[in-house]
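So this block is start.pdb, PDB, N, CA and C atoms, pLDDT in the B column:
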```pdb
ATOM      1  N   MET A   1      30.547-150.103 259.867  1.00 83.00           N
ATOM      2  CA  MET A   1      30.811-148.700 260.123  1.00 83.00           C
ATOM      3  C   MET A   1      30.146-147.864 259.045  1.00 83.00           C
ATOM      4  N   ASP A   2      29.529-146.796 259.465  1.00 90.00           N
ATOM      5  CA  ASP A   2      28.952-145.891 258.484  1.00 90.00           C
ATOM      6  C   ASP A   2      30.007-144.863 258.066  1.00 90.00           C
ATOM      7  N   MET A   3      29.621-143.963 257.191  1.00 92.00           N
ATOM      8  CA  MET A   3      30.580-143.012 256.633  1.00 92.00           C
ATOM      9  C   MET A   3      31.087-142.023 257.680  1.00 92.00           C
ATOM     10  N   THR A   4      30.233-141.619 258.613  1.00 95.00           N
ATOM     11  CA  THR A   4      30.658-140.675 259.649  1.00 95.00           C
ATOM     12  C   THR A   4      31.740-141.288 260.531  1.00 95.00           C
ATOM     13  N   THR A   5      31.538-142.515 260.951  1.00 96.00           N
ATOM     14  CA  THR A   5      32.527-143.208 261.768  1.00 96.00           C
ATOM     15  C   THR A   5      33.818-143.418 260.993  1.00 96.00           C
ATOM     16  N   THR A   6      33.703-143.716 259.726  1.00 95.00           N
ATOM     17  CA  THR A   6      34.884-143.918 258.891  1.00 95.00           C
ATOM     18  C   THR A   6      35.698-142.630 258.766  1.00 95.00           C
ATOM     19  N   ILE A   7      35.016-141.521 258.562  1.00 96.00           N
ATOM     20  CA  ILE A   7      35.726-140.238 258.449  1.00 96.00           C
ATOM     21  C   ILE A   7      36.374-139.860 259.778  1.00 96.00           C
ATOM     22  N   LEU A   8      35.674-140.100 260.892  1.00 97.00           N
ATOM     23  CA  LEU A   8      36.251-139.813 262.209  1.00 97.00           C
ATOM     24  C   LEU A   8      37.473-140.691 262.487  1.00 97.00           C
ATOM     25  N   ALA A   9      37.416-141.950 262.089  1.00 97.00           N
ATOM     26  CA  ALA A   9      38.565-142.834 262.266  1.00 97.00           C
ATOM     27  C   ALA A   9      39.741-142.361 261.416  1.00 97.00           C
ATOM     28  N   LEU A  10      39.461-141.938 260.203  1.00 96.00           N
ATOM     29  CA  LEU A  10      40.514-141.432 259.324  1.00 96.00           C
ATOM     30  C   LEU A  10      41.142-140.158 259.895  1.00 96.00           C
ATOM     31  N   ALA A  11      40.313-139.273 260.433  1.00 97.00           N
ATOM     32  CA  ALA A  11      40.832-138.042 261.035  1.00 97.00           C
ATOM     33  C   ALA A  11      41.666-138.346 262.280  1.00 97.00           C
ATOM     34  N   GLY A  12      41.216-139.271 263.096  1.00 97.00           N
ATOM     35  CA  GLY A  12      41.962-139.637 264.295  1.00 97.00           C
ATOM     36  C   GLY A  12      43.302-140.278 263.975  1.00 97.00           C
ATOM     37  N   LEU A  13      43.300-141.173 263.004  1.00 97.00           N
ATOM     38  CA  LEU A  13      44.553-141.830 262.606  1.00 97.00           C
ATOM     39  C   LEU A  13      45.533-140.837 261.993  1.00 97.00           C
ATOM     40  N   THR A  14      45.012-139.907 261.210  1.00 97.00           N
ATOM     41  CA  THR A  14      45.872-138.890 260.615  1.00 97.00           C
ATOM     42  C   THR A  14      46.464-137.987 261.696  1.00 97.00           C
ATOM     43  N   THR A  15      45.682-137.684 262.717  1.00 98.00           N
ATOM     44  CA  THR A  15      46.176-136.865 263.822  1.00 98.00           C
ATOM     45  C   THR A  15      47.275-137.585 264.598  1.00 98.00           C
ATOM     46  N   VAL A  16      47.075-138.851 264.894  1.00 98.00           N
ATOM     47  CA  VAL A  16      48.096-139.629 265.609  1.00 98.00           C
ATOM     48  C   VAL A  16      49.368-139.718 264.766  1.00 98.00           C
ATOM     49  N   PHE A  17      49.219-139.928 263.465  1.00 97.00           N
ATOM     50  CA  PHE A  17      50.378-139.980 262.579  1.00 97.00           C
ATOM     51  C   PHE A  17      51.135-138.655 262.601  1.00 97.00           C
ATOM     52  N   GLY A  18      50.398-137.545 262.548  1.00 97.00           N
ATOM     53  CA  GLY A  18      51.034-136.226 262.559  1.00 97.00           C
ATOM     54  C   GLY A  18      51.753-135.947 263.868  1.00 97.00           C
ATOM     55  N   LEU A  19      51.147-136.335 264.988  1.00 97.00           N
ATOM     56  CA  LEU A  19      51.806-136.143 266.278  1.00 97.00           C
ATOM     57  C   LEU A  19      53.078-136.980 266.394  1.00 97.00           C
ATOM     58  N   CYS A  20      53.027-138.195 265.871  1.00 96.00           N
ATOM     59  CA  CYS A  20      54.229-139.034 265.879  1.00 96.00           C
ATOM     60  C   CYS A  20      55.309-138.453 264.963  1.00 96.00           C
ATOM     61  N   LEU A  21      54.906-137.875 263.859  1.00 96.00           N
ATOM     62  CA  LEU A  21      55.866-137.244 262.957  1.00 96.00           C
ATOM     63  C   LEU A  21      56.542-136.062 263.639  1.00 96.00           C
ATOM     64  N   LEU A  22      55.764-135.264 264.369  1.00 96.00           N
ATOM     65  CA  LEU A  22      56.351-134.147 265.108  1.00 96.00           C
ATOM     66  C   LEU A  22      57.300-134.642 266.201  1.00 96.00           C
ATOM     67  N   GLY A  23      56.913-135.706 266.887  1.00 93.00           N
ATOM     68  CA  GLY A  23      57.778-136.268 267.926  1.00 93.00           C
ATOM     69  C   GLY A  23      59.065-136.836 267.370  1.00 93.00           C
ATOM     70  N   GLU A  24      58.985-137.415 266.184  1.00 92.00           N
ATOM     71  CA  GLU A  24      60.182-138.000 265.564  1.00 92.00           C
ATOM     72  C   GLU A  24      61.138-136.923 265.068  1.00 92.00           C
ATOM     73  N   ARG A  25      60.612-135.792 264.646  1.00 93.00           N
ATOM     74  CA  ARG A  25      61.459-134.717 264.121  1.00 93.00           C
ATOM     75  C   ARG A  25      62.091-133.866 265.218  1.00 93.00           C
ATOM     76  N   ARG A  26      61.620-134.037 266.445  1.00 90.00           N
ATOM     77  CA  ARG A  26      62.192-133.284 267.556  1.00 90.00           C
ATOM     78  C   ARG A  26      63.648-133.728 267.766  1.00 90.00           C
ATOM     79  N   PRO A  27      64.549-132.779 267.995  1.00 89.00           N
ATOM     80  CA  PRO A  27      65.950-133.171 268.179  1.00 89.00           C
ATOM     81  C   PRO A  27      66.137-134.041 269.428  1.00 89.00           C
ATOM     82  N   ARG A  28      67.010-135.005 269.303  1.00 86.00           N
ATOM     83  CA  ARG A  28      67.278-135.915 270.412  1.00 86.00           C
ATOM     84  C   ARG A  28      68.340-135.342 271.333  1.00 86.00           C
ATOM     85  N   GLN A  29      68.190-135.664 272.594  1.00 87.00           N
ATOM     86  CA  GLN A  29      69.230-135.275 273.538  1.00 87.00           C
ATOM     87  C   GLN A  29      70.309-136.348 273.520  1.00 87.00           C
ATOM     88  N   PHE A  30      71.542-135.907 273.482  1.00 88.00           N
ATOM     89  CA  PHE A  30      72.665-136.844 273.395  1.00 88.00           C
ATOM     90  C   PHE A  30      72.695-137.741 274.638  1.00 88.00           C
ATOM     91  N   GLY A  31      72.784-139.022 274.400  1.00 89.00           N
ATOM     92  CA  GLY A  31      72.894-139.987 275.490  1.00 89.00           C
ATOM     93  C   GLY A  31      71.576-140.458 276.069  1.00 89.00           C
ATOM     94  N   LYS A  32      70.445-139.952 275.572  1.00 88.00           N
ATOM     95  CA  LYS A  32      69.143-140.368 276.092  1.00 88.00           C
ATOM     96  C   LYS A  32      68.392-141.158 275.029  1.00 88.00           C
ATOM     97  N   VAL A  33      67.717-142.188 275.485  1.00 86.00           N
ATOM     98  CA  VAL A  33      66.928-143.038 274.596  1.00 86.00           C
ATOM     99  C   VAL A  33      65.470-142.608 274.693  1.00 86.00           C
ATOM    100  N   ARG A  34      64.801-142.525 273.550  1.00 84.00           N
ATOM    101  CA  ARG A  34      63.377-142.194 273.552  1.00 84.00           C
ATOM    102  C   ARG A  34      62.587-143.387 274.071  1.00 84.00           C
ATOM    103  N   LEU A  35      61.614-143.097 274.894  1.00 89.00           N
ATOM    104  CA  LEU A  35      60.835-144.164 275.503  1.00 89.00           C
ATOM    105  C   LEU A  35      59.584-144.523 274.703  1.00 89.00           C
ATOM    106  N   PHE A  36      59.232-143.687 273.743  1.00 91.00           N
ATOM    107  CA  PHE A  36      58.052-143.950 272.921  1.00 91.00           C
ATOM    108  C   PHE A  36      58.487-144.285 271.501  1.00 91.00           C
ATOM    109  N   PRO A  37      58.057-145.435 270.965  1.00 93.00           N
ATOM    110  CA  PRO A  37      58.472-145.837 269.617  1.00 93.00           C
ATOM    111  C   PRO A  37      57.636-145.150 268.534  1.00 93.00           C
ATOM    112  N   TYR A  38      58.108-144.015 268.043  1.00 94.00           N
ATOM    113  CA  TYR A  38      57.329-143.243 267.074  1.00 94.00           C
ATOM    114  C   TYR A  38      57.202-143.959 265.722  1.00 94.00           C
ATOM    115  N   ILE A  39      58.266-144.512 265.212  1.00 95.00           N
ATOM    116  CA  ILE A  39      58.254-145.118 263.873  1.00 95.00           C
ATOM    117  C   ILE A  39      57.286-146.305 263.786  1.00 95.00           C
ATOM    118  N   PRO A  40      57.314-147.267 264.723  1.00 96.00           N
ATOM    119  CA  PRO A  40      56.335-148.365 264.611  1.00 96.00           C
ATOM    120  C   PRO A  40      54.883-147.893 264.699  1.00 96.00           C
ATOM    121  N   VAL A  41      54.619-146.888 265.526  1.00 97.00           N
ATOM    122  CA  VAL A  41      53.253-146.365 265.629  1.00 97.00           C
ATOM    123  C   VAL A  41      52.848-145.712 264.312  1.00 97.00           C
ATOM    124  N   MET A  42      53.788-145.014 263.675  1.00 97.00           N
ATOM    125  CA  MET A  42      53.503-144.390 262.380  1.00 97.00           C
ATOM    126  C   MET A  42      53.200-145.448 261.322  1.00 97.00           C
ATOM    127  N   ILE A  43      53.926-146.547 261.344  1.00 97.00           N
ATOM    128  CA  ILE A  43      53.695-147.622 260.368  1.00 97.00           C
ATOM    129  C   ILE A  43      52.314-148.233 260.575  1.00 97.00           C
ATOM    130  N   VAL A  44      51.946-148.477 261.832  1.00 98.00           N
ATOM    131  CA  VAL A  44      50.624-149.044 262.121  1.00 98.00           C
ATOM    132  C   VAL A  44      49.529-148.074 261.682  1.00 98.00           C
ATOM    133  N   CYS A  45      49.726-146.783 261.959  1.00 98.00           N
ATOM    134  CA  CYS A  45      48.745-145.773 261.533  1.00 98.00           C
ATOM    135  C   CYS A  45      48.608-145.736 260.020  1.00 98.00           C
ATOM    136  N   LEU A  46      49.715-145.840 259.318  1.00 97.00           N
ATOM    137  CA  LEU A  46      49.675-145.812 257.856  1.00 97.00           C
ATOM    138  C   LEU A  46      48.906-147.011 257.307  1.00 97.00           C
ATOM    139  N   VAL A  47      49.134-148.186 257.861  1.00 98.00           N
ATOM    140  CA  VAL A  47      48.406-149.379 257.415  1.00 98.00           C
ATOM    141  C   VAL A  47      46.908-149.231 257.703  1.00 98.00           C
ATOM    142  N   LEU A  48      46.591-148.715 258.890  1.00 98.00           N
ATOM    143  CA  LEU A  48      45.180-148.533 259.233  1.00 98.00           C
ATOM    144  C   LEU A  48      44.522-147.457 258.383  1.00 98.00           C
ATOM    145  N   VAL A  49      45.255-146.406 258.041  1.00 97.00           N
ATOM    146  CA  VAL A  49      44.706-145.367 257.151  1.00 97.00           C
ATOM    147  C   VAL A  49      44.381-145.969 255.788  1.00 97.00           C
ATOM    148  N   LEU A  50      45.258-146.802 255.278  1.00 97.00           N
ATOM    149  CA  LEU A  50      44.987-147.454 253.993  1.00 97.00           C
ATOM    150  C   LEU A  50      43.746-148.346 254.072  1.00 97.00           C
ATOM    151  N   ALA A  51      43.597-149.069 255.177  1.00 97.00           N
ATOM    152  CA  ALA A  51      42.432-149.938 255.337  1.00 97.00           C
ATOM    153  C   ALA A  51      41.149-149.117 255.457  1.00 97.00           C
ATOM    154  N   VAL A  52      41.194-148.019 256.208  1.00 97.00           N
ATOM    155  CA  VAL A  52      40.003-147.175 256.362  1.00 97.00           C
ATOM    156  C   VAL A  52      39.656-146.489 255.050  1.00 97.00           C
ATOM    157  N   MET A  53      40.661-146.093 254.278  1.00 96.00           N
ATOM    158  CA  MET A  53      40.385-145.481 252.969  1.00 96.00           C
ATOM    159  C   MET A  53      39.761-146.493 252.015  1.00 96.00           C
ATOM    160  N   ALA A  54      40.224-147.736 252.069  1.00 94.00           N
ATOM    161  CA  ALA A  54      39.615-148.776 251.238  1.00 94.00           C
ATOM    162  C   ALA A  54      38.169-149.015 251.666  1.00 94.00           C
ATOM    163  N   HIS A  55      37.925-148.975 252.969  1.00 94.00           N
ATOM    164  CA  HIS A  55      36.558-149.134 253.458  1.00 94.00           C
ATOM    165  C   HIS A  55      35.677-147.969 253.005  1.00 94.00           C
ATOM    166  N   ALA A  56      36.211-146.762 253.052  1.00 94.00           N
ATOM    167  CA  ALA A  56      35.450-145.593 252.593  1.00 94.00           C
ATOM    168  C   ALA A  56      35.134-145.707 251.104  1.00 94.00           C
ATOM    169  N   LEU A  57      36.070-146.230 250.343  1.00 93.00           N
ATOM    170  CA  LEU A  57      35.825-146.417 248.919  1.00 93.00           C
ATOM    171  C   LEU A  57      34.698-147.398 248.666  1.00 93.00           C
ATOM    172  N   THR A  58      34.630-148.465 249.446  1.00 92.00           N
ATOM    173  CA  THR A  58      33.514-149.420 249.261  1.00 92.00           C
ATOM    174  C   THR A  58      32.197-148.784 249.694  1.00 92.00           C
ATOM    175  N   LEU A  59      32.243-147.920 250.708  1.00 91.00           N
ATOM    176  CA  LEU A  59      31.007-147.235 251.108  1.00 91.00           C
ATOM    177  C   LEU A  59      30.536-146.277 250.031  1.00 91.00           C
ATOM    178  N   LEU A  60      31.461-145.589 249.409  1.00 91.00           N
ATOM    179  CA  LEU A  60      31.103-144.627 248.355  1.00 91.00           C
ATOM    180  C   LEU A  60      30.630-145.301 247.081  1.00 91.00           C
ATOM    181  N   SER A  61      31.226-146.451 246.753  1.00 91.00           N
ATOM    182  CA  SER A  61      30.855-147.125 245.512  1.00 91.00           C
ATOM    183  C   SER A  61      29.536-147.886 245.644  1.00 91.00           C
ATOM    184  N   GLY A  62      29.182-148.232 246.867  1.00 85.00           N
ATOM    185  CA  GLY A  62      27.920-148.957 247.060  1.00 85.00           C
ATOM    186  C   GLY A  62      28.040-150.442 246.875  1.00 85.00           C
ATOM    187  N   ARG A  63      29.218-150.951 246.655  1.00 75.00           N
ATOM    188  CA  ARG A  63      29.410-152.393 246.486  1.00 75.00           C
ATOM    189  C   ARG A  63      29.842-152.987 247.802  1.00 75.00           C
ATOM    190  N   HIS A  64      29.007-153.812 248.371  1.00 68.00           N
ATOM    191  CA  HIS A  64      29.318-154.507 249.612  1.00 68.00           C
ATOM    192  C   HIS A  64      29.257-155.995 249.338  1.00 68.00           C
ATOM    193  N   GLY A  65      30.221-156.707 249.866  1.00 61.00           N
ATOM    194  CA  GLY A  65      30.142-158.138 249.653  1.00 61.00           C
ATOM    195  C   GLY A  65      31.385-158.780 249.357  1.00 61.00           C
TER     196      GLY A  65
END
```
Is it possible to give me this structure as structure tokens?
Amino acid sequence: MDMTTTILALAGLTTVFGLCLLGERRPRQFGKVRLFPYIPVMIVCLVLVLAVMAHALTLLSGRHG
């Protein structure tokens, strides 16, 4: 992946994380179960953001290998 793709992936993951955060903060209706698992998706996004940031750091430093 080049730097442009890495930045786009980081922006996309951050957007998905933010949307899940908004969905999680929405008040729940009493007696209804949410059908979309916001917390697990947020955890996966956070792990992927860390991996993409580490990849961006290797691209910036110039050390590959």
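A search radius of 8 Å centred on (42.2, -142.9, 260.9), applied to only N, CA and C atoms, returns the residues Thr6, Ile7, Leu8, Ala9, Leu10, Ala11, Gly12, Leu13, Thr14, Thr15, Val16, Cys45, Leu48, Val49, Leu50, Val52 and Met53 of chain A.
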File of the preceding selection, N, CA and C atoms, as a tab-separated table (two decimals), in the frame of the given file:
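result-v8.tsv written:
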```tsv
chain	number	residue	atom	x	y	z
A	6	THR	N	33.70	-143.72	259.73
A	6	THR	CA	34.88	-143.92	258.89
A	6	THR	C	35.70	-142.63	258.77
A	7	ILE	N	35.02	-141.52	258.56
A	7	ILE	CA	35.73	-140.24	258.45
A	7	ILE	C	36.37	-139.86	259.78
A	8	LEU	N	35.67	-140.10	260.89
A	8	LEU	CA	36.25	-139.81	262.21
A	8	LEU	C	37.47	-140.69	262.49
A	9	ALA	N	37.42	-141.95	262.09
A	9	ALA	CA	38.56	-142.83	262.27
A	9	ALA	C	39.74	-142.36	261.42
A	10	LEU	N	39.46	-141.94	260.20
A	10	LEU	CA	40.51	-141.43	259.32
A	10	LEU	C	41.14	-140.16	259.90
A	11	ALA	N	40.31	-139.27	260.43
A	11	ALA	CA	40.83	-138.04	261.04
A	11	ALA	C	41.67	-138.35	262.28
A	12	GLY	N	41.22	-139.27	263.10
A	12	GLY	CA	41.96	-139.64	264.30
A	12	GLY	C	43.30	-140.28	263.98
A	13	LEU	N	43.30	-141.17	263.00
A	13	LEU	CA	44.55	-141.83	262.61
A	13	LEU	C	45.53	-140.84	261.99
A	14	THR	N	45.01	-139.91	261.21
A	14	THR	CA	45.87	-138.89	260.62
A	14	THR	C	46.46	-137.99	261.70
A	15	THR	N	45.68	-137.68	262.72
A	15	THR	CA	46.18	-136.86	263.82
A	15	THR	C	47.28	-137.58	264.60
A	16	VAL	N	47.08	-138.85	264.89
A	16	VAL	CA	48.10	-139.63	265.61
A	16	VAL	C	49.37	-139.72	264.77
A	45	CYS	N	49.73	-146.78	261.96
A	45	CYS	CA	48.74	-145.77	261.53
A	45	CYS	C	48.61	-145.74	260.02
A	48	LEU	N	46.59	-148.72	258.89
A	48	LEU	CA	45.18	-148.53	259.23
A	48	LEU	C	44.52	-147.46	258.38
A	49	VAL	N	45.26	-146.41	258.04
A	49	VAL	CA	44.71	-145.37	257.15
A	49	VAL	C	44.38	-145.97	255.79
A	50	LEU	N	45.26	-146.80	255.28
A	50	LEU	CA	44.99	-147.45	253.99
A	50	LEU	C	43.75	-148.35	254.07
A	52	VAL	N	41.19	-148.02	256.21
A	52	VAL	CA	40.00	-147.18	256.36
A	52	VAL	C	39.66	-146.49	255.05
A	53	MET	N	40.66	-146.09	254.28
A	53	MET	CA	40.38	-145.48	252.97
A	53	MET	C	39.76	-146.49	252.02
```
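Separating atom N of Lys32 in chain A from atom C of Leu19 in chain A is a distance of 19.9 Å.
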Might you spell out which residues the PyMOL selection byres (((chain A and resi 56 and name CA) around 10) and name CA) would select in the displayed file, as an mmCIF file with N, CA and C atoms, in the frame of the given file?
```cif
data_model
loop_
_atom_site.group_PDB
_atom_site.id
_atom_site.type_symbol
_atom_site.label_atom_id
_atom_site.label_comp_id
_atom_site.auth_asym_id
_atom_site.auth_seq_id
_atom_site.Cartn_x
_atom_site.Cartn_y
_atom_site.Cartn_z
ATOM 1 N N MET A 1 30.547 -150.103 259.867
ATOM 2 C CA MET A 1 30.811 -148.700 260.123
ATOM 3 C C MET A 1 30.146 -147.864 259.045
ATOM 4 N N ASP A 2 29.529 -146.796 259.465
ATOM 5 C CA ASP A 2 28.952 -145.891 258.484
ATOM 6 C C ASP A 2 30.007 -144.863 258.066
ATOM 7 N N MET A 3 29.621 -143.963 257.191
ATOM 8 C CA MET A 3 30.580 -143.012 256.633
ATOM 9 C C MET A 3 31.087 -142.023 257.680
ATOM 10 N N THR A 4 30.233 -141.619 258.613
ATOM 11 C CA THR A 4 30.658 -140.675 259.649
ATOM 12 C C THR A 4 31.740 -141.288 260.531
ATOM 13 N N THR A 5 31.538 -142.515 260.951
ATOM 14 C CA THR A 5 32.527 -143.208 261.768
ATOM 15 C C THR A 5 33.818 -143.418 260.993
ATOM 16 N N THR A 6 33.703 -143.716 259.726
ATOM 17 C CA THR A 6 34.884 -143.918 258.891
ATOM 18 C C THR A 6 35.698 -142.630 258.766
ATOM 19 N N ILE A 7 35.016 -141.521 258.562
ATOM 20 C CA ILE A 7 35.726 -140.238 258.449
ATOM 21 C C ILE A 7 36.374 -139.860 259.778
ATOM 22 N N LEU A 10 39.461 -141.938 260.203
ATOM 23 C CA LEU A 10 40.514 -141.432 259.324
ATOM 24 C C LEU A 10 41.142 -140.158 259.895
ATOM 25 N N LEU A 50 45.258 -146.802 255.278
ATOM 26 C CA LEU A 50 44.987 -147.454 253.993
ATOM 27 C C LEU A 50 43.746 -148.346 254.072
ATOM 28 N N ALA A 51 43.597 -149.069 255.177
ATOM 29 C CA ALA A 51 42.432 -149.938 255.337
ATOM 30 C C ALA A 51 41.149 -149.117 255.457
ATOM 31 N N VAL A 52 41.194 -148.019 256.208
ATOM 32 C CA VAL A 52 40.003 -147.175 256.362
ATOM 33 C C VAL A 52 39.656 -146.489 255.050
ATOM 34 N N MET A 53 40.661 -146.093 254.278
ATOM 35 C CA MET A 53 40.385 -145.481 252.969
ATOM 36 C C MET A 53 39.761 -146.493 252.015
ATOM 37 N N ALA A 54 40.224 -147.736 252.069
ATOM 38 C CA ALA A 54 39.615 -148.776 251.238
ATOM 39 C C ALA A 54 38.169 -149.015 251.666
ATOM 40 N N HIS A 55 37.925 -148.975 252.969
ATOM 41 C CA HIS A 55 36.558 -149.134 253.458
ATOM 42 C C HIS A 55 35.677 -147.969 253.005
ATOM 43 N N LEU A 57 36.070 -146.230 250.343
ATOM 44 C CA LEU A 57 35.825 -146.417 248.919
ATOM 45 C C LEU A 57 34.698 -147.398 248.666
ATOM 46 N N THR A 58 34.630 -148.465 249.446
ATOM 47 C CA THR A 58 33.514 -149.420 249.261
ATOM 48 C C THR A 58 32.197 -148.784 249.694
ATOM 49 N N LEU A 59 32.243 -147.920 250.708
ATOM 50 C CA LEU A 59 31.007 -147.235 251.108
ATOM 51 C C LEU A 59 30.536 -146.277 250.031
ATOM 52 N N LEU A 60 31.461 -145.589 249.409
ATOM 53 C CA LEU A 60 31.103 -144.627 248.355
ATOM 54 C C LEU A 60 30.630 -145.301 247.081
ATOM 55 N N SER A 61 31.226 -146.451 246.753
ATOM 56 C CA SER A 61 30.855 -147.125 245.512
ATOM 57 C C SER A 61 29.536 -147.886 245.644
ATOM 58 N N GLY A 62 29.182 -148.232 246.867
ATOM 59 C CA GLY A 62 27.920 -148.957 247.060
ATOM 60 C C GLY A 62 28.040 -150.442 246.875
#
```
In Å, how far is it from atom C of Val44 in chain A to CA of Pro27 in chain A? 23.1 Å
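Taking CA of Cys20 in chain A and atom N of Val41 in chain A as the two end points, the separation is 7.9 Å.
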Using DSSP on the backbone coordinates, identify all residues within chain A classified as alpha helix (DSSP H); present the result as an MDAnalysis selection string. chainID A and resid 3:25 38:61
Any chance you can output those residues with N, CA and C atoms as a short mmCIF file (atom, residue, chain, number, x, y, z; two decimals), keeping the file's coordinate frame?
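The file below, part.cif, is the result:
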```cif
data_model
loop_
_atom_site.label_atom_id
_atom_site.label_comp_id
_atom_site.auth_asym_id
_atom_site.auth_seq_id
_atom_site.Cartn_x
_atom_site.Cartn_y
_atom_site.Cartn_z
N MET A 3 29.62 -143.96 257.19
CA MET A 3 30.58 -143.01 256.63
C MET A 3 31.09 -142.02 257.68
N THR A 4 30.23 -141.62 258.61
CA THR A 4 30.66 -140.68 259.65
C THR A 4 31.74 -141.29 260.53
N THR A 5 31.54 -142.51 260.95
CA THR A 5 32.53 -143.21 261.77
C THR A 5 33.82 -143.42 260.99
N THR A 6 33.70 -143.72 259.73
CA THR A 6 34.88 -143.92 258.89
C THR A 6 35.70 -142.63 258.77
N ILE A 7 35.02 -141.52 258.56
CA ILE A 7 35.73 -140.24 258.45
C ILE A 7 36.37 -139.86 259.78
N LEU A 8 35.67 -140.10 260.89
CA LEU A 8 36.25 -139.81 262.21
C LEU A 8 37.47 -140.69 262.49
N ALA A 9 37.42 -141.95 262.09
CA ALA A 9 38.56 -142.83 262.27
C ALA A 9 39.74 -142.36 261.42
N LEU A 10 39.46 -141.94 260.20
CA LEU A 10 40.51 -141.43 259.32
C LEU A 10 41.14 -140.16 259.90
N ALA A 11 40.31 -139.27 260.43
CA ALA A 11 40.83 -138.04 261.04
C ALA A 11 41.67 -138.35 262.28
N GLY A 12 41.22 -139.27 263.10
CA GLY A 12 41.96 -139.64 264.30
C GLY A 12 43.30 -140.28 263.98
N LEU A 13 43.30 -141.17 263.00
CA LEU A 13 44.55 -141.83 262.61
C LEU A 13 45.53 -140.84 261.99
N THR A 14 45.01 -139.91 261.21
CA THR A 14 45.87 -138.89 260.62
C THR A 14 46.46 -137.99 261.70
N THR A 15 45.68 -137.68 262.72
CA THR A 15 46.18 -136.86 263.82
C THR A 15 47.28 -137.58 264.60
N VAL A 16 47.08 -138.85 264.89
CA VAL A 16 48.10 -139.63 265.61
C VAL A 16 49.37 -139.72 264.77
N PHE A 17 49.22 -139.93 263.46
CA PHE A 17 50.38 -139.98 262.58
C PHE A 17 51.14 -138.66 262.60
N GLY A 18 50.40 -137.54 262.55
CA GLY A 18 51.03 -136.23 262.56
C GLY A 18 51.75 -135.95 263.87
N LEU A 19 51.15 -136.34 264.99
CA LEU A 19 51.81 -136.14 266.28
C LEU A 19 53.08 -136.98 266.39
N CYS A 20 53.03 -138.20 265.87
CA CYS A 20 54.23 -139.03 265.88
C CYS A 20 55.31 -138.45 264.96
N LEU A 21 54.91 -137.88 263.86
CA LEU A 21 55.87 -137.24 262.96
C LEU A 21 56.54 -136.06 263.64
N LEU A 22 55.76 -135.26 264.37
CA LEU A 22 56.35 -134.15 265.11
C LEU A 22 57.30 -134.64 266.20
N GLY A 23 56.91 -135.71 266.89
CA GLY A 23 57.78 -136.27 267.93
C GLY A 23 59.06 -136.84 267.37
N GLU A 24 58.98 -137.42 266.18
CA GLU A 24 60.18 -138.00 265.56
C GLU A 24 61.14 -136.92 265.07
N ARG A 25 60.61 -135.79 264.65
CA ARG A 25 61.46 -134.72 264.12
C ARG A 25 62.09 -133.87 265.22
N TYR A 38 58.11 -144.01 268.04
CA TYR A 38 57.33 -143.24 267.07
C TYR A 38 57.20 -143.96 265.72
N ILE A 39 58.27 -144.51 265.21
CA ILE A 39 58.25 -145.12 263.87
C ILE A 39 57.29 -146.30 263.79
N PRO A 40 57.31 -147.27 264.72
CA PRO A 40 56.34 -148.36 264.61
C PRO A 40 54.88 -147.89 264.70
N VAL A 41 54.62 -146.89 265.53
CA VAL A 41 53.25 -146.36 265.63
C VAL A 41 52.85 -145.71 264.31
N MET A 42 53.79 -145.01 263.68
CA MET A 42 53.50 -144.39 262.38
C MET A 42 53.20 -145.45 261.32
N ILE A 43 53.93 -146.55 261.34
CA ILE A 43 53.70 -147.62 260.37
C ILE A 43 52.31 -148.23 260.58
N VAL A 44 51.95 -148.48 261.83
CA VAL A 44 50.62 -149.04 262.12
C VAL A 44 49.53 -148.07 261.68
N CYS A 45 49.73 -146.78 261.96
CA CYS A 45 48.74 -145.77 261.53
C CYS A 45 48.61 -145.74 260.02
N LEU A 46 49.72 -145.84 259.32
CA LEU A 46 49.68 -145.81 257.86
C LEU A 46 48.91 -147.01 257.31
N VAL A 47 49.13 -148.19 257.86
CA VAL A 47 48.41 -149.38 257.42
C VAL A 47 46.91 -149.23 257.70
N LEU A 48 46.59 -148.72 258.89
CA LEU A 48 45.18 -148.53 259.23
C LEU A 48 44.52 -147.46 258.38
N VAL A 49 45.26 -146.41 258.04
CA VAL A 49 44.71 -145.37 257.15
C VAL A 49 44.38 -145.97 255.79
N LEU A 50 45.26 -146.80 255.28
CA LEU A 50 44.99 -147.45 253.99
C LEU A 50 43.75 -148.35 254.07
N ALA A 51 43.60 -149.07 255.18
CA ALA A 51 42.43 -149.94 255.34
C ALA A 51 41.15 -149.12 255.46
N VAL A 52 41.19 -148.02 256.21
CA VAL A 52 40.00 -147.18 256.36
C VAL A 52 39.66 -146.49 255.05
N MET A 53 40.66 -146.09 254.28
CA MET A 53 40.38 -145.48 252.97
C MET A 53 39.76 -146.49 252.02
N ALA A 54 40.22 -147.74 252.07
CA ALA A 54 39.62 -148.78 251.24
C ALA A 54 38.17 -149.01 251.67
N HIS A 55 37.92 -148.98 252.97
CA HIS A 55 36.56 -149.13 253.46
C HIS A 55 35.68 -147.97 253.00
N ALA A 56 36.21 -146.76 253.05
CA ALA A 56 35.45 -145.59 252.59
C ALA A 56 35.13 -145.71 251.10
N LEU A 57 36.07 -146.23 250.34
CA LEU A 57 35.83 -146.42 248.92
C LEU A 57 34.70 -147.40 248.67
N THR A 58 34.63 -148.46 249.45
CA THR A 58 33.51 -149.42 249.26
C THR A 58 32.20 -148.78 249.69
N LEU A 59 32.24 -147.92 250.71
CA LEU A 59 31.01 -147.24 251.11
C LEU A 59 30.54 -146.28 250.03
N LEU A 60 31.46 -145.59 249.41
CA LEU A 60 31.10 -144.63 248.36
C LEU A 60 30.63 -145.30 247.08
N SER A 61 31.23 -146.45 246.75
CA SER A 61 30.86 -147.12 245.51
C SER A 61 29.54 -147.89 245.64
#
```
